[in-house]
Amino acid sequence: GENVEQHPSTLSVQEGDSAVIKCTYSDSASNYFPWYKQELGKRPQLIIDIRSNVGEKKDQRIAVTLNKTAKHFSLHITETQPEDSAVYFCAAPITGGGNKLTFGTGTQLKVEL
Amino acid sequence: DTEVTQTPKHLVMGMTNKKSLKCEQHMGHRAMYWYKQKAKKPPELMFVYSYEKLSINESVPSRFSPECPNSSLLNLHLHALQPEDSALYLCASSQVQIQETQYFGPGTRLLVL
């Protein structure tokens with residue numbers, strides 16, 4: 001089955017700096033990679049996703065890059081703000097598993113003033 | 001309407017109680033999911049329904065009993081739970097096609113005494 005590793009587990013940045021979170025996956029047949037943001041006590045919320053037919057996707061301050069050869073994808077947040085503080089989860093589908101997703105272990109991002 | 005709703009928000013129950021969690025979506029999605037999430041951990045899949053039929057059961061103990069009465073509703077019936085079942089229970093929905101975005105509800109925070 002799919003195995004997703006996520007690093008780092010915690011990340012502290014100064015406001016205005018950039019943050020990068022990286023995930024690696026094992027199943028070369030996977031072609032959809034979502035990122036979820038979960039604030040304390042709230043639901044996981046999709047912030048961006050990428051499919052394997054593109055290498056990069058941007059949405060304002062958030063971007064995701066995908067390297068299918070190396071089997072890794074990364075979340076990039078620029079000009080970080082305190083409201084970006086949350087836990088971020090990457091995920092990858094389990095091929096042959098219907099609609100199952102494997103989640104990474106999560107990254108606690110703290111943006112300090 | 002792009003939201004998944006869940007009731008109740010909080011639930012406290014004893015080990016001999018019977019209770020139900022409810023989930024509703026009006027996005028026309030025909031796949032619905034139950035996840036269990038412990039603190040500081042990623043969501044853990046419990047059940048998947050596709051076209052109102054149970055398609056995946058991740059070897060969940062029988063004290064958890066899912067039900068999908070129609071395409072918009074998903075229930076999780078709880079009976080004789082253990083304290084270790086205390087967690088955030090998340091519902092999600094998506095299109096049925098594989099590798100589609102899953103949208104999460106706000107969750108029910110369950111405490112078993």
# chains A, B, ... in the order shown; residues from 1 in each chain; ligands from 1
call {"tool": "interface_residues", "arguments": {"of": "chain B", "to": "chain A", "cutoff": "9 Å", "atoms": "only C-alpha atoms", "output": "list in words"}}
result
Ala31, Lys40, Lys41, Pro42, Pro43, Glu44, Leu45, Val48, Ser55, Ile56, Leu90, Ser94, Val96, Gln97, Ile98, Gln99, Glu100, Thr101, Gln102, Tyr103, Phe104, Gly105, Pro106 and Gly107 of chain B
call {"tool": "residues_around", "arguments": {"residues": "B:Met46", "least_positions_apart": "2", "cutoff": "8 Å", "atoms": "only C-alpha atoms", "output": "VMD selection string"}}
result
chain B and resid 33 to 36 44 48 56 to 60
call {"tool": "write_last_selection", "arguments": {"atoms": "C-alpha atoms", "output": "PDB file, in the first residue's frame"}}
result
ATOM      1  CA  TYR B  33     -16.488   8.558   4.921  1.00  0.00           C
ATOM      2  CA  TRP B  34     -16.028   8.222   8.659  1.00  0.00           C
ATOM      3  CA  TYR B  35     -12.644   9.008  10.152  1.00  0.00           C
ATOM      4  CA  LYS B  36     -11.353   8.883  13.703  1.00  0.00           C
ATOM      5  CA  GLU B  44      -7.649   7.446  10.431  1.00  0.00           C
ATOM      6  CA  VAL B  48     -16.364   4.325   3.206  1.00  0.00           C
ATOM      7  CA  ILE B  56     -14.672  -0.225   2.889  1.00  0.00           C
ATOM      8  CA  ASN B  57     -14.563  -1.255   6.543  1.00  0.00           C
ATOM      9  CA  GLU B  58     -11.107  -0.821   7.982  1.00  0.00           C
ATOM     10  CA  SER B  59     -11.550  -3.668  10.479  1.00  0.00           C
ATOM     11  CA  VAL B  60     -13.424  -1.404  12.856  1.00  0.00           C
TER      12      VAL B  60
END
call {"tool": "residues_around", "arguments": {"residues": "stretch 3-18 of chain A", "least_positions_apart": "4", "cutoff": "6 Å", "atoms": "only C-alpha atoms", "output": "list in words"}}
result
Lys22, Cys23, Thr24, Tyr25, Ser26, Ile77, Thr78, Glu79, Thr80, Gln81, Gly104, Thr107, Gln108, Leu109, Lys110, Val111, Glu112 and Leu113 of chain A
call {"tool": "write_last_selection", "arguments": {"atoms": "N, CA, C and O atoms", "output": "PDB file, in the first residue's frame"}}
result
ATOM      1  N   LYS A  22       7.638  19.028   3.282  1.00  0.00           N
ATOM      2  CA  LYS A  22       7.897  18.048   2.234  1.00  0.00           C
ATOM      3  C   LYS A  22       7.296  16.689   2.570  1.00  0.00           C
ATOM      4  O   LYS A  22       7.339  16.242   3.720  1.00  0.00           O
ATOM      5  N   CYS A  23       6.738  16.054   1.556  1.00  0.00           N
ATOM      6  CA  CYS A  23       6.204  14.697   1.711  1.00  0.00           C
ATOM      7  C   CYS A  23       6.765  13.796   0.626  1.00  0.00           C
ATOM      8  O   CYS A  23       6.931  14.230  -0.514  1.00  0.00           O
ATOM      9  N   THR A  24       7.047  12.564   0.980  1.00  0.00           N
ATOM     10  CA  THR A  24       7.439  11.564   0.008  1.00  0.00           C
ATOM     11  C   THR A  24       6.413  10.445   0.031  1.00  0.00           C
ATOM     12  O   THR A  24       5.796  10.164   1.065  1.00  0.00           O
ATOM     13  N   TYR A  25       6.218   9.826  -1.116  1.00  0.00           N
ATOM     14  CA  TYR A  25       5.242   8.749  -1.212  1.00  0.00           C
ATOM     15  C   TYR A  25       5.880   7.552  -1.892  1.00  0.00           C
ATOM     16  O   TYR A  25       6.941   7.665  -2.515  1.00  0.00           O
ATOM     17  N   SER A  26       5.229   6.404  -1.784  1.00  0.00           N
ATOM     18  CA  SER A  26       5.871   5.179  -2.279  1.00  0.00           C
ATOM     19  C   SER A  26       5.233   4.629  -3.547  1.00  0.00           C
ATOM     20  O   SER A  26       5.906   3.954  -4.330  1.00  0.00           O
ATOM     21  N   ILE A  77       4.701  28.004   1.551  1.00  0.00           N
ATOM     22  CA  ILE A  77       3.898  29.150   1.977  1.00  0.00           C
ATOM     23  C   ILE A  77       4.833  30.347   2.054  1.00  0.00           C
ATOM     24  O   ILE A  77       5.842  30.311   2.767  1.00  0.00           O
ATOM     25  N   THR A  78       4.533  31.392   1.298  1.00  0.00           N
ATOM     26  CA  THR A  78       5.363  32.597   1.320  1.00  0.00           C
ATOM     27  C   THR A  78       4.690  33.669   2.174  1.00  0.00           C
ATOM     28  O   THR A  78       3.491  33.622   2.428  1.00  0.00           O
ATOM     29  N   GLU A  79       5.512  34.621   2.613  1.00  0.00           N
ATOM     30  CA  GLU A  79       5.015  35.759   3.415  1.00  0.00           C
ATOM     31  C   GLU A  79       4.087  35.280   4.520  1.00  0.00           C
ATOM     32  O   GLU A  79       2.935  35.722   4.630  1.00  0.00           O
ATOM     33  N   THR A  80       4.568  34.367   5.325  1.00  0.00           N
ATOM     34  CA  THR A  80       3.728  33.743   6.354  1.00  0.00           C
ATOM     35  C   THR A  80       3.134  34.768   7.312  1.00  0.00           C
ATOM     36  O   THR A  80       3.745  35.815   7.612  1.00  0.00           O
ATOM     37  N   GLN A  81       1.924  34.452   7.768  1.00  0.00           N
ATOM     38  CA  GLN A  81       1.189  35.302   8.692  1.00  0.00           C
ATOM     39  C   GLN A  81       0.768  34.469   9.904  1.00  0.00           C
ATOM     40  O   GLN A  81       0.706  33.235   9.807  1.00  0.00           O
ATOM     41  N   GLY A 104      -0.012  11.965   5.657  1.00  0.00           N
ATOM     42  CA  GLY A 104       1.251  12.122   6.352  1.00  0.00           C
ATOM     43  C   GLY A 104       1.002  12.348   7.827  1.00  0.00           C
ATOM     44  O   GLY A 104      -0.143  12.526   8.258  1.00  0.00           O
ATOM     45  N   THR A 107       2.497  18.347  10.108  1.00  0.00           N
ATOM     46  CA  THR A 107       3.517  19.334  10.469  1.00  0.00           C
ATOM     47  C   THR A 107       2.839  20.455  11.241  1.00  0.00           C
ATOM     48  O   THR A 107       1.909  21.087  10.737  1.00  0.00           O
ATOM     49  N   GLN A 108       3.302  20.681  12.464  1.00  0.00           N
ATOM     50  CA  GLN A 108       2.798  21.793  13.275  1.00  0.00           C
ATOM     51  C   GLN A 108       3.587  23.035  12.886  1.00  0.00           C
ATOM     52  O   GLN A 108       4.786  23.143  13.181  1.00  0.00           O
ATOM     53  N   LEU A 109       2.932  23.966  12.191  1.00  0.00           N
ATOM     54  CA  LEU A 109       3.580  25.214  11.783  1.00  0.00           C
ATOM     55  C   LEU A 109       3.207  26.313  12.767  1.00  0.00           C
ATOM     56  O   LEU A 109       2.028  26.542  13.049  1.00  0.00           O
ATOM     57  N   LYS A 110       4.234  26.997  13.264  1.00  0.00           N
ATOM     58  CA  LYS A 110       4.006  28.136  14.155  1.00  0.00           C
ATOM     59  C   LYS A 110       4.651  29.358  13.528  1.00  0.00           C
ATOM     60  O   LYS A 110       5.849  29.354  13.228  1.00  0.00           O
ATOM     61  N   VAL A 111       3.857  30.387  13.315  1.00  0.00           N
ATOM     62  CA  VAL A 111       4.364  31.633  12.761  1.00  0.00           C
ATOM     63  C   VAL A 111       4.444  32.631  13.898  1.00  0.00           C
ATOM     64  O   VAL A 111       3.418  33.001  14.485  1.00  0.00           O
ATOM     65  N   GLU A 112       5.661  33.055  14.190  1.00  0.00           N
ATOM     66  CA  GLU A 112       5.884  33.943  15.339  1.00  0.00           C
ATOM     67  C   GLU A 112       5.984  35.397  14.901  1.00  0.00           C
ATOM     68  O   GLU A 112       6.540  35.694  13.835  1.00  0.00           O
ATOM     69  N   LEU A 113       5.448  36.259  15.744  1.00  0.00           N
ATOM     70  CA  LEU A 113       5.469  37.693  15.430  1.00  0.00           C
ATOM     71  C   LEU A 113       6.878  38.277  15.625  1.00  0.00           C
ATOM     72  O   LEU A 113       7.646  37.772  16.449  1.00  0.00           O
TER      73      LEU A 113
END
call {"tool": "residues_around", "arguments": {"residues": "B:Phe64", "least_positions_apart": "3", "cutoff": "7 Å", "atoms": "only C-alpha atoms", "output": "JSON, numbers by chain"}}
result
{"B": [60, 61, 76, 77, 78, 79]}
call {"tool": "residues_around", "arguments": {"residues": "B:Thr108", "least_positions_apart": "3", "cutoff": "6 Å", "atoms": "only C-alpha atoms", "output": "list in words"}}
result
Pro8, Lys9, His10, Leu88 and Tyr89 of chain B
call {"tool": "residues_around", "arguments": {"residues": "B:Lys22", "least_positions_apart": "3", "cutoff": "8 Å", "atoms": "only C-alpha atoms", "output": "ChimeraX atom specification"}}
result
/B:6-8,73-76
call {"tool": "select_by_dssp", "arguments": {"residues": "chain A", "states": "strand (DSSP E)", "output": "number ranges by chain"}}
result
A: 4-7, 10-14, 19-25, 32-38, 45-51, 56-59, 62-67, 72-77, 86-93, 101-103, 107-112
call {"tool": "atom_distance", "arguments": {"atom1": "atom CA of A:His76", "atom2": "atom CA of A:Val54"}}
result
15.8 Å
